[in-house]
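Student: Below you'll find upload01.cif; it's mmCIF, C-alpha atoms and all ligand atoms.
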data_work
loop_
_atom_site.label_atom_id
_atom_site.label_comp_id
_atom_site.auth_asym_id
_atom_site.auth_seq_id
_atom_site.Cartn_x
_atom_site.Cartn_y
_atom_site.Cartn_z
CA MET A 1 -39.50 136.72 -35.85
CA SER A 2 -41.29 135.20 -32.88
CA CYS A 3 -39.23 133.54 -30.15
CA GLU A 4 -41.06 130.29 -30.77
CA LYS A 5 -40.15 130.28 -34.43
CA PHE A 6 -36.66 131.44 -33.60
CA ARG A 7 -35.96 128.54 -31.28
CA GLU A 8 -36.65 126.03 -34.00
CA ASN A 9 -33.30 127.07 -35.37
CA MET A 10 -31.52 126.76 -32.05
CA ALA A 11 -30.18 123.26 -32.71
CA ALA A 12 -28.88 124.22 -36.13
CA TYR A 13 -27.36 127.41 -34.67
CA LEU A 14 -25.53 125.52 -31.93
CA ASP A 15 -24.27 123.00 -34.48
CA CYS A 16 -23.14 125.79 -36.85
CA LEU A 17 -25.46 124.51 -39.56
CA LEU A 18 -27.26 127.73 -40.37
CA SER A 19 -26.86 129.36 -43.75
CA ASP A 20 -25.35 132.86 -43.82
CA LYS A 21 -28.75 134.45 -44.20
CA GLU A 22 -30.28 132.40 -41.37
CA LEU A 23 -27.29 133.14 -39.16
CA CYS A 24 -27.67 136.87 -39.71
CA GLU A 25 -31.34 136.71 -38.77
CA PHE A 26 -30.55 134.59 -35.76
CA GLN A 27 -27.83 136.88 -34.46
CA ALA A 28 -30.05 139.88 -35.04
CA HIS A 29 -32.71 138.33 -32.82
CA LEU A 30 -30.18 137.36 -30.16
CA SER A 31 -28.98 140.95 -29.91
CA VAL A 32 -32.48 142.21 -29.12
CA CYS A 33 -34.07 139.32 -27.19
CA LYS A 34 -32.67 138.71 -23.72
CA THR A 35 -34.63 135.48 -23.12
CA CYS A 36 -33.38 133.78 -26.25
CA ARG A 37 -29.82 135.00 -25.58
CA GLN A 38 -29.97 133.51 -22.12
CA GLU A 39 -31.33 130.29 -23.50
CA ALA A 40 -28.46 130.02 -25.98
CA GLU A 41 -25.92 130.74 -23.25
CA GLU A 42 -27.41 128.16 -20.92
CA LEU A 43 -27.33 125.58 -23.65
CA GLN A 44 -23.68 126.36 -24.35
CA SER A 45 -22.79 125.93 -20.70
CA MET A 46 -24.78 122.69 -20.61
CA PHE A 47 -22.70 121.50 -23.57
CA SER A 48 -19.42 122.18 -21.84
CA TRP A 49 -20.71 120.27 -18.82
CA LEU A 50 -21.75 117.39 -21.08
CA LYS A 51 -18.32 117.37 -22.78
CA GLN A 52 -16.77 116.23 -19.51
CA ALA A 53 -18.27 112.79 -19.99
CA GLY A 54 -15.30 110.47 -20.24
CA ASP A 55 -14.40 107.98 -22.89
CA VAL A 56 -16.13 104.65 -22.82
CA THR A 57 -14.24 101.40 -23.28
CA PRO A 58 -16.09 98.20 -24.12
CA PRO A 59 -15.48 95.22 -21.84
CA LYS A 60 -12.69 92.96 -23.05
CA ASP A 61 -14.88 89.88 -23.31
CA LEU A 62 -17.69 91.52 -25.28
CA ARG A 63 -16.83 89.98 -28.64
CA GLU A 64 -15.86 86.70 -27.03
CA SER A 65 -19.24 86.31 -25.36
CA VAL A 66 -21.05 87.14 -28.58
CA LEU A 67 -19.06 84.50 -30.46
CA ALA A 68 -19.60 81.93 -27.72
CA GLU A 69 -23.35 82.48 -27.91
CA LEU A 70 -23.32 82.23 -31.71
CA LYS A 71 -21.39 78.95 -31.56
CA LEU A 72 -23.96 77.55 -29.14
CA GLU A 73 -26.73 78.62 -31.49
CA GLU A 74 -24.99 76.96 -34.41
CA GLY A 75 -25.04 73.67 -32.51
CA ARG A 76 -28.67 74.11 -31.58
CA LYS A 77 -29.56 74.82 -35.19
CA VAL A 78 -27.99 71.57 -36.40
CA ARG A 79 -29.87 69.70 -33.72
CA ARG A 80 -33.13 71.34 -34.70
CA PHE A 81 -32.76 70.48 -38.37
CA PHE A 82 -31.42 67.02 -37.68
CA PRO A 83 -32.87 65.53 -34.49
CA GLY A 84 -30.72 62.78 -33.07
CA PHE A 85 -27.67 64.27 -34.77
CA SER A 86 -25.19 63.23 -32.08
CA GLN A 87 -26.64 59.69 -31.89
CA ALA A 88 -26.37 59.37 -35.64
CA VAL A 89 -22.76 60.51 -35.53
CA ALA A 90 -21.97 58.05 -32.75
CA ALA A 91 -23.63 55.19 -34.63
CA ALA A 92 -21.75 56.09 -37.79
CA VAL A 93 -18.43 56.20 -35.95
CA VAL A 94 -19.05 52.77 -34.41
CA PHE A 95 -20.09 51.40 -37.78
CA ILE A 96 -16.90 52.67 -39.41
CA MET A 97 -14.87 51.12 -36.59
CA LEU A 98 -16.66 47.84 -37.19
CA VAL A 99 -15.96 47.82 -40.91
CA VAL A 100 -12.36 48.97 -40.59
CA GLY A 101 -11.70 46.56 -37.73
CA ASN A 102 -13.09 43.56 -39.56
CA LEU A 103 -11.35 44.44 -42.81
CA SER A 104 -7.98 44.88 -41.18
CA LEU A 105 -8.29 41.43 -39.61
CA LEU A 106 -9.47 39.88 -42.86
CA PRO A 107 -6.35 39.00 -44.97
CA THR A 108 -5.03 36.36 -42.51
CA SER A 109 -8.50 35.06 -41.81
CA ARG A 110 -8.92 34.20 -45.51
CA VAL A 111 -6.04 31.80 -45.16
CA SER A 112 -7.53 30.30 -42.07
CA ASP A 113 -10.79 29.65 -43.95
CA ALA A 114 -8.84 27.60 -46.45
CA VAL A 115 -7.00 25.49 -43.90
CA PRO A 116 -9.68 22.89 -43.10
CA MET A 117 -10.05 22.13 -46.81
CA ARG A 118 -6.37 21.51 -47.24
CA ALA A 119 -6.28 19.35 -44.19
CA ALA A 120 -9.20 17.28 -45.48
CA TYR A 121 -7.52 16.97 -48.85
CA GLN A 122 -4.38 15.68 -47.17
CA GLU A 123 -6.35 13.04 -45.20
CA GLU A 124 -8.14 11.96 -48.36
CA SER A 125 -4.94 11.60 -50.36
CA ARG A 126 -3.27 9.63 -47.58
CA ALA A 127 -6.24 7.21 -47.17
CA ALA A 128 -6.72 6.42 -50.85
CA THR A 129 -3.32 5.40 -52.13
CA PRO A 130 -3.62 3.30 -55.27
CA PRO A 131 -0.08 2.25 -56.37
CA ALA A 132 -0.78 3.46 -59.86
CA ASP A 133 -1.21 6.92 -58.53
CA ALA A 134 1.93 6.82 -56.41
CA ALA A 135 3.62 9.52 -58.35
CA ILE A 136 0.60 11.79 -58.08
CA TYR A 137 0.26 10.90 -54.44
CA THR A 138 3.80 11.88 -53.56
CA GLN A 139 3.42 15.10 -55.42
CA ASN A 140 0.16 15.83 -53.68
CA LEU A 141 1.74 15.03 -50.38
CA ARG A 142 4.63 17.34 -51.09
CA GLU A 143 2.22 20.13 -51.96
CA SER A 144 0.12 19.61 -48.91
CA GLU A 145 3.22 19.53 -46.74
CA GLN A 146 4.11 22.90 -48.09
CA PHE A 147 0.60 24.06 -47.24
CA SER A 148 0.68 22.63 -43.81
CA ASP A 149 4.02 24.25 -43.11
CA LYS A 150 2.53 27.59 -43.86
CA SER A 151 -0.67 26.97 -41.96
CA GLU A 152 1.34 25.64 -39.02
CA LEU A 153 3.17 28.93 -38.86
CA SER A 154 0.13 31.12 -39.15
CA SER A 155 -2.33 29.15 -37.10
CA GLU A 156 -1.21 30.79 -33.86
CA ALA A 157 -1.64 34.27 -35.34
CA GLU A 158 -4.93 33.22 -36.89
CA ARG A 159 -6.34 32.14 -33.59
CA ASN A 160 -5.31 35.48 -32.17
CA THR A 161 -6.86 37.56 -34.95
CA SER A 162 -10.10 35.64 -34.90
CA SER A 163 -10.41 36.06 -31.17
CA HIS A 164 -9.66 39.74 -31.62
CA ARG A 165 -12.32 39.90 -34.27
CA LEU A 166 -14.80 38.18 -31.99
CA ALA A 167 -14.07 40.61 -29.18
CA LEU A 168 -14.32 43.56 -31.56
CA ASN A 169 -17.67 42.43 -32.87
CA LEU A 170 -18.98 41.52 -29.43
CA VAL A 171 -18.27 45.03 -28.20
CA LEU A 172 -19.03 47.12 -31.26
CA ILE A 173 -22.19 45.47 -32.60
CA PRO A 174 -24.20 45.97 -29.41
CA LEU A 175 -22.79 49.49 -29.17
CA PHE A 176 -23.88 50.19 -32.71
CA LEU A 177 -27.35 48.80 -32.02
CA PHE A 178 -27.54 50.89 -28.86
CA PHE A 179 -26.80 54.16 -30.73
CA ALA A 180 -29.03 53.20 -33.64
CA MET A 181 -31.93 52.57 -31.28
CA ARG A 182 -31.36 55.81 -29.43
CA PHE A 183 -31.22 57.64 -32.75
CA GLN A 184 -34.51 56.10 -33.78
CA ARG A 185 -36.11 57.03 -30.48
CA ARG A 186 -34.90 60.62 -30.93
CA ARG A 187 -36.38 60.84 -34.38
CA LYS A 188 -39.70 59.57 -33.08
CA GLU A 189 -39.64 62.14 -30.27
CA ALA A 190 -38.98 64.90 -32.76
CA ASP A 191 -41.94 64.01 -34.96
CA MET Q 1 -13.70 105.20 -44.87
CA GLY Q 2 -11.09 104.42 -47.47
CA ASP Q 3 -11.72 102.31 -50.52
CA PHE Q 4 -9.63 99.48 -49.22
CA LEU Q 5 -11.47 99.36 -45.90
CA GLU Q 6 -14.78 99.48 -47.72
CA THR Q 7 -14.06 96.55 -50.02
CA ASP Q 8 -12.53 94.74 -47.09
CA GLU Q 9 -15.72 95.32 -45.15
CA LYS Q 10 -17.85 94.02 -47.99
CA MET Q 11 -15.76 90.88 -48.04
CA LEU Q 12 -16.09 90.47 -44.28
CA ILE Q 13 -19.85 90.88 -44.54
CA SER Q 14 -20.22 88.24 -47.24
CA LEU Q 15 -18.08 85.88 -45.15
CA CYS Q 16 -20.30 86.56 -42.15
CA LYS Q 17 -23.40 85.82 -44.20
CA ARG Q 18 -21.97 82.36 -44.77
CA GLY Q 19 -21.57 81.96 -41.03
CA ASP Q 20 -17.87 82.74 -40.70
CA LEU Q 21 -17.49 83.67 -37.05
CA SER Q 22 -13.88 84.85 -37.25
CA ALA Q 23 -14.93 87.33 -39.93
CA TYR Q 24 -17.67 88.52 -37.61
CA ASP Q 25 -15.11 88.93 -34.86
CA ARG Q 26 -13.16 91.31 -37.09
CA LEU Q 27 -16.29 93.18 -38.05
CA MET Q 28 -17.29 93.57 -34.40
CA GLN Q 29 -13.81 94.77 -33.58
CA ARG Q 30 -14.36 97.74 -35.89
CA TYR Q 31 -17.61 98.80 -34.30
CA GLU Q 32 -17.54 97.59 -30.72
CA LYS Q 33 -16.34 100.91 -29.31
CA LYS Q 34 -19.10 102.94 -30.92
CA VAL Q 35 -21.74 100.30 -30.28
CA TYR Q 36 -20.79 99.98 -26.64
CA ALA Q 37 -20.62 103.76 -26.19
CA LEU Q 38 -24.20 104.14 -27.46
CA CYS Q 39 -25.39 101.35 -25.18
CA PHE Q 40 -23.56 102.81 -22.22
CA ARG Q 41 -25.05 106.28 -22.71
CA MET Q 42 -28.51 104.79 -23.04
CA ALA Q 43 -28.26 102.31 -20.16
CA GLY Q 44 -26.20 104.41 -17.76
CA ASN Q 45 -24.25 101.50 -16.32
CA GLN Q 46 -21.65 99.03 -17.52
CA ASP Q 47 -23.49 95.79 -16.86
CA ASP Q 48 -26.63 96.74 -18.75
CA ALA Q 49 -24.54 98.33 -21.49
CA ALA Q 50 -22.57 95.11 -21.99
CA ASP Q 51 -25.82 93.12 -22.16
CA LEU Q 52 -27.30 95.53 -24.69
CA ALA Q 53 -24.19 95.56 -26.86
CA GLN Q 54 -24.06 91.77 -26.83
CA GLU Q 55 -27.72 91.50 -27.73
CA ALA Q 56 -27.34 94.01 -30.55
CA PHE Q 57 -24.34 92.17 -32.02
CA LEU Q 58 -26.24 88.86 -31.83
CA LYS Q 59 -29.27 90.37 -33.54
CA ALA Q 60 -27.05 91.90 -36.22
CA PHE Q 61 -25.40 88.58 -37.00
CA ARG Q 62 -28.75 86.82 -37.27
CA ALA Q 63 -30.13 89.59 -39.48
CA LEU Q 64 -27.04 89.83 -41.71
CA PRO Q 65 -28.46 87.55 -44.42
CA SER Q 66 -31.15 90.18 -44.99
CA PHE Q 67 -28.64 93.03 -45.20
CA ASN Q 68 -28.61 93.93 -48.90
CA GLY Q 69 -25.96 96.65 -48.86
CA GLN Q 70 -28.37 99.42 -49.84
CA ALA Q 71 -27.68 101.23 -46.61
CA GLN Q 72 -24.23 101.64 -45.16
CA PHE Q 73 -23.38 98.78 -42.88
CA SER Q 74 -22.59 101.16 -40.00
CA THR Q 75 -25.99 102.83 -40.31
CA TRP Q 76 -27.72 99.47 -40.48
CA LEU Q 77 -25.81 98.27 -37.40
CA TYR Q 78 -26.48 101.42 -35.36
CA ARG Q 79 -30.16 101.11 -36.19
CA ILE Q 80 -30.16 97.65 -34.62
CA VAL Q 81 -28.27 99.02 -31.63
CA THR Q 82 -30.62 101.93 -31.05
CA ASN Q 83 -33.67 99.71 -31.48
CA THR Q 84 -32.25 97.27 -28.96
CA CYS Q 85 -31.68 100.10 -26.48
CA LEU Q 86 -35.14 101.61 -27.01
CA ASP Q 87 -36.83 98.20 -26.71
CA GLU Q 88 -35.07 97.65 -23.41
CA GLN Q 89 -36.19 101.08 -22.15
CA ARG Q 90 -39.78 100.19 -23.05
CA ARG Q 91 -39.49 96.86 -21.30
CA GLN Q 92 -38.13 98.55 -18.19
CA ALA Q 93 -40.87 101.16 -18.22
CA ARG Q 94 -43.47 98.40 -18.12
CA ARG Q 95 -41.79 96.63 -15.23
CA PRO Q 96 -42.66 97.85 -11.72
CA GLN Q 97 -39.89 100.16 -10.61
CA LEU Q 98 -37.55 98.96 -7.96
CA PHE Q 99 -35.83 101.39 -5.71
CA SER Q 100 -32.28 101.76 -6.85
CA LEU Q 101 -29.45 103.97 -5.72
CA ASP Q 102 -28.43 104.57 -9.30
CA LYS Q 103 -31.81 105.63 -10.59
CA PRO Q 104 -34.05 108.51 -9.59
CA LEU Q 105 -36.89 107.61 -7.29
CA ASN Q 106 -40.28 108.75 -8.49
CA THR Q 107 -42.29 110.43 -5.79
CA GLU Q 108 -45.40 112.60 -5.82
CA ASP Q 109 -43.25 115.71 -5.78
CA GLY Q 110 -41.13 114.59 -8.66
CA GLN Q 111 -37.99 112.61 -8.87
CA LEU Q 112 -35.79 112.14 -5.87
CA MET Q 113 -32.16 111.49 -6.45
CA LEU Q 114 -29.84 109.80 -4.04
CA THR Q 115 -26.16 110.06 -4.58
CA LEU Q 116 -23.28 108.71 -2.64
CA PRO Q 117 -20.18 110.83 -2.20
CA ALA Q 118 -17.33 109.83 -4.48
CA GLU Q 119 -14.70 107.54 -3.08
CA ALA Q 120 -12.57 109.50 -0.62
CA SER Q 121 -9.41 107.68 -1.62
CA ASP Q 122 -9.52 109.01 -5.19
CA PRO Q 123 -7.45 112.02 -6.18
CA LEU Q 124 -9.50 115.18 -6.22
CA ASP Q 125 -9.75 115.58 -9.98
CA THR Q 126 -10.79 111.99 -10.52
CA ALA Q 127 -13.37 112.37 -7.82
CA LEU Q 128 -14.67 115.54 -9.45
CA SER Q 129 -14.89 114.03 -12.91
CA GLN Q 130 -16.51 110.95 -11.45
CA GLU Q 131 -19.09 113.16 -9.83
CA THR Q 132 -19.75 114.93 -13.14
CA GLU Q 133 -19.95 111.59 -14.87
CA ALA Q 134 -22.54 110.43 -12.36
CA GLU Q 135 -24.50 113.67 -12.79
CA ILE Q 136 -24.53 113.29 -16.55
CA LYS Q 137 -25.70 109.70 -16.30
CA THR Q 138 -28.45 110.60 -13.86
CA LEU Q 139 -29.76 113.60 -15.77
CA LEU Q 140 -29.65 111.72 -19.07
CA SER Q 141 -31.70 108.95 -17.53
CA MET Q 142 -34.42 111.49 -16.77
CA LEU Q 143 -34.93 112.28 -20.44
CA PRO Q 144 -37.56 110.29 -22.34
CA ALA Q 145 -35.73 107.57 -24.28
CA SER Q 146 -36.77 108.94 -27.67
CA GLN Q 147 -35.17 112.29 -26.83
CA ARG Q 148 -32.19 110.80 -25.07
CA ILE Q 149 -31.21 108.70 -28.07
CA VAL Q 150 -31.11 111.77 -30.34
CA LEU Q 151 -29.11 113.80 -27.85
CA VAL Q 152 -26.66 110.97 -27.21
CA LEU Q 153 -26.14 110.42 -30.93
CA ARG Q 154 -25.61 114.10 -31.67
CA ASP Q 155 -24.07 115.71 -28.60
CA MET Q 156 -22.13 112.82 -27.12
CA GLU Q 157 -21.22 110.61 -30.06
CA GLY Q 158 -21.10 113.31 -32.73
CA TYR Q 159 -23.24 111.81 -35.52
CA SER Q 160 -24.52 114.17 -38.18
CA TYR Q 161 -28.20 115.05 -38.53
CA GLU Q 162 -28.40 113.01 -41.74
CA GLU Q 163 -26.87 109.95 -40.11
CA ILE Q 164 -29.20 110.24 -37.13
CA ALA Q 165 -32.17 110.53 -39.47
CA ARG Q 166 -31.09 107.37 -41.29
CA ILE Q 167 -30.31 105.44 -38.13
CA LEU Q 168 -33.59 106.29 -36.44
CA ASN Q 169 -35.60 106.24 -39.66
CA LEU Q 170 -36.85 109.78 -39.11
CA ASN Q 171 -36.94 112.78 -41.40
CA GLY Q 172 -34.52 115.64 -40.89
CA GLY Q 173 -37.15 117.95 -39.45
CA THR Q 174 -38.11 115.46 -36.77
CA VAL Q 175 -34.49 114.94 -35.79
CA LYS Q 176 -34.03 118.69 -35.41
CA SER Q 177 -37.15 119.26 -33.37
CA ARG Q 178 -36.51 116.25 -31.18
CA LEU Q 179 -32.96 117.43 -30.60
CA ASN Q 180 -34.22 120.88 -29.68
CA ARG Q 181 -36.62 119.42 -27.16
CA ALA Q 182 -34.03 117.05 -25.74
CA ARG Q 183 -31.49 119.82 -25.29
CA ALA Q 184 -34.03 122.18 -23.73
CA ARG Q 185 -35.10 119.45 -21.32
CA LEU Q 186 -31.55 118.54 -20.39
CA ARG Q 187 -30.71 122.19 -19.95
CA ASP Q 188 -33.60 122.56 -17.49
CA LEU Q 189 -32.33 119.57 -15.54
CA TYR Q 190 -28.78 120.85 -15.73
CA LEU Q 191 -29.79 124.20 -14.26
CA LYS Q 192 -31.65 122.43 -11.48
CA LYS Q 193 -28.90 119.95 -10.81
CA GLU Q 194 -27.69 121.77 -7.69
CA GLU Q 195 -31.15 121.22 -6.27
CA LEU Q 196 -31.33 117.67 -7.49
CA PHE Q 197 -28.00 116.83 -5.94
CA SER Q 198 -28.41 119.08 -2.90
CA PRO Q 199 -27.17 117.83 0.49
CA THR Q 200 -30.71 117.42 1.83
CA VAL Q 201 -31.35 114.53 -0.48
CA HIS Q 202 -27.76 113.44 -0.35
CA LEU Q 203 -27.63 110.06 1.26
CA LYS Q 204 -24.62 109.89 3.51
CA ARG Q 205 -23.07 106.50 3.82
CA LYS Q 206 -23.10 106.26 7.62
CA GLU Q 207 -26.73 107.36 7.91
CA GLY Q 208 -28.08 105.42 5.04
CA ARG Q 209 -28.94 101.81 4.93
CA ASP Q 210 -26.41 99.54 3.36
CA ARG Q 211 -26.43 99.12 -0.37
CA SER Q 212 -28.00 95.73 0.05
ZN ZN E 1 -36.46 135.64 -28.40
#
Would you mind writing the file out in structure tokens?

Tutor:
Amino acid sequence: MSCEKFRENMAAYLDCLLSDKELCEFQAHLSVCKTCRQEAEELQSMFSWLKQAGDVTPPKDLRESVLAELKLEEGRKVRRFFPGFSQAVAAAVVFIMLVVGNLSLLPTSRVSDAVPMRAAYQEESRAATPPADAAIYTQNLRESEQFSDKSELSSEAERNTSSHRLALNLVLIPLFLFFAMRFQRRRKEAD
Amino acid sequence: MGDFLETDEKMLISLCKRGDLSAYDRLMQRYEKKVYALCFRMAGNQDDAADLAQEAFLKAFRALPSFNGQAQFSTWLYRIVTNTCLDEQRRQARRPQLFSLDKPLNTEDGQLMLTLPAEASDPLDTALSQETEAEIKTLLSMLPASQRIVLVLRDMEGYSYEEIARILNLNGGTVKSRLNRARARLRDLYLKKEELFSPTVHLKRKEGRDRS
């Protein structure tokens, strides 16, 4: 066996991967060839030198930094697929606030809508007072007094809620328009 | 790997494919030591190794949807890691070389190595092992990357020939011959290391310019 051919098996020999037959051949050559024997010995001593390489510990923040980068990417992906995403979210939030705000101030405001009618009805009944209708009149009056008692009580609160509603709308509608416009501009930029 | 771990891993992988980052955290936890070790042996320093490991884990997460489970996940992952390391080596080879204390300096007569003596304050054995560690790093860096990766996988990280062949997408014969060449080359360098690290090219701290 030539030395050249022999050395092809060196790696397998050093890793104890040779078959019995190959190992016999290999050892037979080693016993007669000084160069190859020296080569094998040098490699062995190189291995023991290499074995001194210490253990390696990954940095503590390795996984953390990978996850941070992936989270960033996730955000970027959403923005790429949906330009103006944050503006749309902001506009939607303001819109929901508008609807919820107006609805929550609505039940008392329905009463306040009805008040002028009742007041007008009261005036009317007082002005036209045919004696024949006296009984009806007094009943009407009694009813409207009941109404006016209630409206008297709630009128203060009504004025408050309607001014709240006005303030809410004055702030939120322009804000909504602002975000909606910015969203539209973003979409145009993206096209 | 036990059956339980294997099914558990499959579950983690399918969660990751759906973008579950906490599942990916657990998956990374299993492999970070081996991934980082490969990167460290290839890069030779902690900063570059951390960058390489991070890049490999990012690439793996992005590529996970195309992982079909035909290969073992570990093999698939290590392939990404080794490719990342080899790409970086290629990139560095193209860049004009800067003089660095950690890397051999290429001169007309060959490579010139500058080493600083180990910290005097260290206990003797630590200093010795640190010196050996530095020698190993330096000599490994002198191997061509394609040989270094095979030697690192086999002789430092203990992968089998079959695994190496699968990771590097080579046939068994190529792995063996490349390993033979890598070992012969490293042995040559190892035998010459006294020369390479001899006092004449040893840069003493007081004589040398500052690290900056
Ligand atoms: Zn021979």

Student: Got a sec to check which residues lie within 12 Å of ligand ZN 1 (chain E), using all atoms listed in the file, and send them as a VMD selection string?

Tutor: chain A and resid 1 to 10 25 to 40

Student: Kindly save the residues from that selection, with C-alpha atoms included, as a JSON list (two decimals), in the coordinates of the input.

Tutor:
[["chain", "number", "residue", "atom", "x", "y", "z"],
["A", 1, "MET", "CA", -39.50, 136.72, -35.85],
["A", 2, "SER", "CA", -41.29, 135.20, -32.88],
["A", 3, "CYS", "CA", -39.23, 133.54, -30.15],
["A", 4, "GLU", "CA", -41.06, 130.29, -30.77],
["A", 5, "LYS", "CA", -40.15, 130.28, -34.43],
["A", 6, "PHE", "CA", -36.66, 131.44, -33.60],
["A", 7, "ARG", "CA", -35.96, 128.54, -31.28],
["A", 8, "GLU", "CA", -36.65, 126.03, -34.00],
["A", 9, "ASN", "CA", -33.30, 127.07, -35.37],
["A", 10, "MET", "CA", -31.52, 126.76, -32.05],
["A", 25, "GLU", "CA", -31.34, 136.71, -38.77],
["A", 26, "PHE", "CA", -30.55, 134.59, -35.76],
["A", 27, "GLN", "CA", -27.83, 136.88, -34.46],
["A", 28, "ALA", "CA", -30.05, 139.88, -35.04],
["A", 29, "HIS", "CA", -32.71, 138.33, -32.82],
["A", 30, "LEU", "CA", -30.18, 137.36, -30.16],
["A", 31, "SER", "CA", -28.98, 140.95, -29.91],
["A", 32, "VAL", "CA", -32.48, 142.21, -29.12],
["A", 33, "CYS", "CA", -34.07, 139.32, -27.19],
["A", 34, "LYS", "CA", -32.67, 138.71, -23.72],
["A", 35, "THR", "CA", -34.63, 135.48, -23.12],
["A", 36, "CYS", "CA", -33.38, 133.78, -26.25],
["A", 37, "ARG", "CA", -29.82, 135.00, -25.58],
["A", 38, "GLN", "CA", -29.97, 133.51, -22.12],
["A", 39, "GLU", "CA", -31.33, 130.29, -23.50],
["A", 40, "ALA", "CA", -28.46, 130.02, -25.98]]

Student: Which chain Q residues are at most 9 Å from chain A (counting only C-alpha atoms), as a ChimeraX atom specification?

Tutor: /Q:19,21-22,24-25,28-29,32-37,40,46,49-51,53-55,57-58,61,129-130,132-133,136-137,155-156,176-177,179-180,183-184,186-187,190-191

Student: Go through Q:Arg18, Q:Arg178, Q:Lys59, Q:Lys10 one by one, measure the shortest atom-to-atom distance of each to Tyr161 in chain Q using all atoms listed in the file, and give the residue with the smallest value.

Tutor: Q:Arg178

Student: Return the single residue from A:Ser155, A:Phe85, A:Gly101, A:Leu106 that is closest to Phe179 in chain A, with distances computed using all atoms listed in the file.

Tutor: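 Answer, going by the shortest atom-to-atom distance: A:Phe85.
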
Student: So how far away is CA of Leu151 in chain Q from CA of Phe67 in chain Q, in Å?

Tutor: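 These two atoms are separated by 27.1 Å.
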
Student: For a quick check of understanding, using only C-alpha atoms, which of Q:Ala182, Q:Leu128, Q:Ala134, Q:Cys16 has the smallest distance to Val152 in chain Q?

Tutor: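 Among Q:Ala182, Q:Leu128, Q:Ala134, Q:Cys16, it is Q:Ala182 that comes nearest to Val152 in chain Q.
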
Student: Tell me, counting only C-alpha atoms, for each residue of range 78-111 of chain A within 12 Å of range 163-173 of chain A, which pair of atoms is nearest and how far apart they are in Å to one decimal, in rows ordered by chain and increasing number, as a Markdown table.

Tutor:
| residue | atom | partner | partner_atom | distance |
| --- | --- | --- | --- | --- |
| A:Ala90 | CA | A:Leu172 | CA | 11.4 |
| A:Ala91 | CA | A:Leu172 | CA | 9.9 |
| A:Ala92 | CA | A:Leu172 | CA | 11.4 |
| A:Val93 | CA | A:Leu172 | CA | 10.2 |
| A:Val94 | CA | A:Leu172 | CA | 6.5 |
| A:Phe95 | CA | A:Leu172 | CA | 7.9 |
| A:Ile96 | CA | A:Leu172 | CA | 10.1 |
| A:Met97 | CA | A:Leu172 | CA | 7.9 |
| A:Leu98 | CA | A:Leu172 | CA | 6.4 |
| A:Val99 | CA | A:Asn169 | CA | 9.8 |
| A:Val100 | CA | A:Leu168 | CA | 10.7 |
| A:Gly101 | CA | A:Leu168 | CA | 7.3 |
| A:Asn102 | CA | A:Arg165 | CA | 6.5 |
| A:Leu103 | CA | A:Arg165 | CA | 9.7 |
| A:Ser104 | CA | A:Arg165 | CA | 9.6 |
| A:Leu105 | CA | A:Arg165 | CA | 6.9 |
| A:Leu106 | CA | A:Arg165 | CA | 9.1 |
| A:Thr108 | CA | A:Arg165 | CA | 11.6 |
| A:Ser109 | CA | A:Arg165 | CA | 9.7 |

Student: Using C-alpha atoms, can you export the residues from the last selection as an mmCIF file, keeping the file's coordinate frame?

Tutor:
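The new file out37.cif reads:
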data_model
loop_
_atom_site.group_PDB
_atom_site.id
_atom_site.type_symbol
_atom_site.label_atom_id
_atom_site.label_comp_id
_atom_site.auth_asym_id
_atom_site.auth_seq_id
_atom_site.Cartn_x
_atom_site.Cartn_y
_atom_site.Cartn_z
ATOM 1 C CA ALA A 90 -21.970 58.050 -32.750
ATOM 2 C CA ALA A 91 -23.630 55.190 -34.630
ATOM 3 C CA ALA A 92 -21.750 56.090 -37.790
ATOM 4 C CA VAL A 93 -18.430 56.200 -35.950
ATOM 5 C CA VAL A 94 -19.050 52.770 -34.410
ATOM 6 C CA PHE A 95 -20.090 51.400 -37.780
ATOM 7 C CA ILE A 96 -16.900 52.670 -39.410
ATOM 8 C CA MET A 97 -14.870 51.120 -36.590
ATOM 9 C CA LEU A 98 -16.660 47.840 -37.190
ATOM 10 C CA VAL A 99 -15.960 47.820 -40.910
ATOM 11 C CA VAL A 100 -12.360 48.970 -40.590
ATOM 12 C CA GLY A 101 -11.700 46.560 -37.730
ATOM 13 C CA ASN A 102 -13.090 43.560 -39.560
ATOM 14 C CA LEU A 103 -11.350 44.440 -42.810
ATOM 15 C CA SER A 104 -7.980 44.880 -41.180
ATOM 16 C CA LEU A 105 -8.290 41.430 -39.610
ATOM 17 C CA LEU A 106 -9.470 39.880 -42.860
ATOM 18 C CA THR A 108 -5.030 36.360 -42.510
ATOM 19 C CA SER A 109 -8.500 35.060 -41.810
#

Student: What is the CA of Glu189 in chain A to CA of Leu177 in chain A distance in Å?

Tutor: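 For CA of Glu189 in chain A relative to CA of Leu177 in chain A, the distance reads 18.2 Å.
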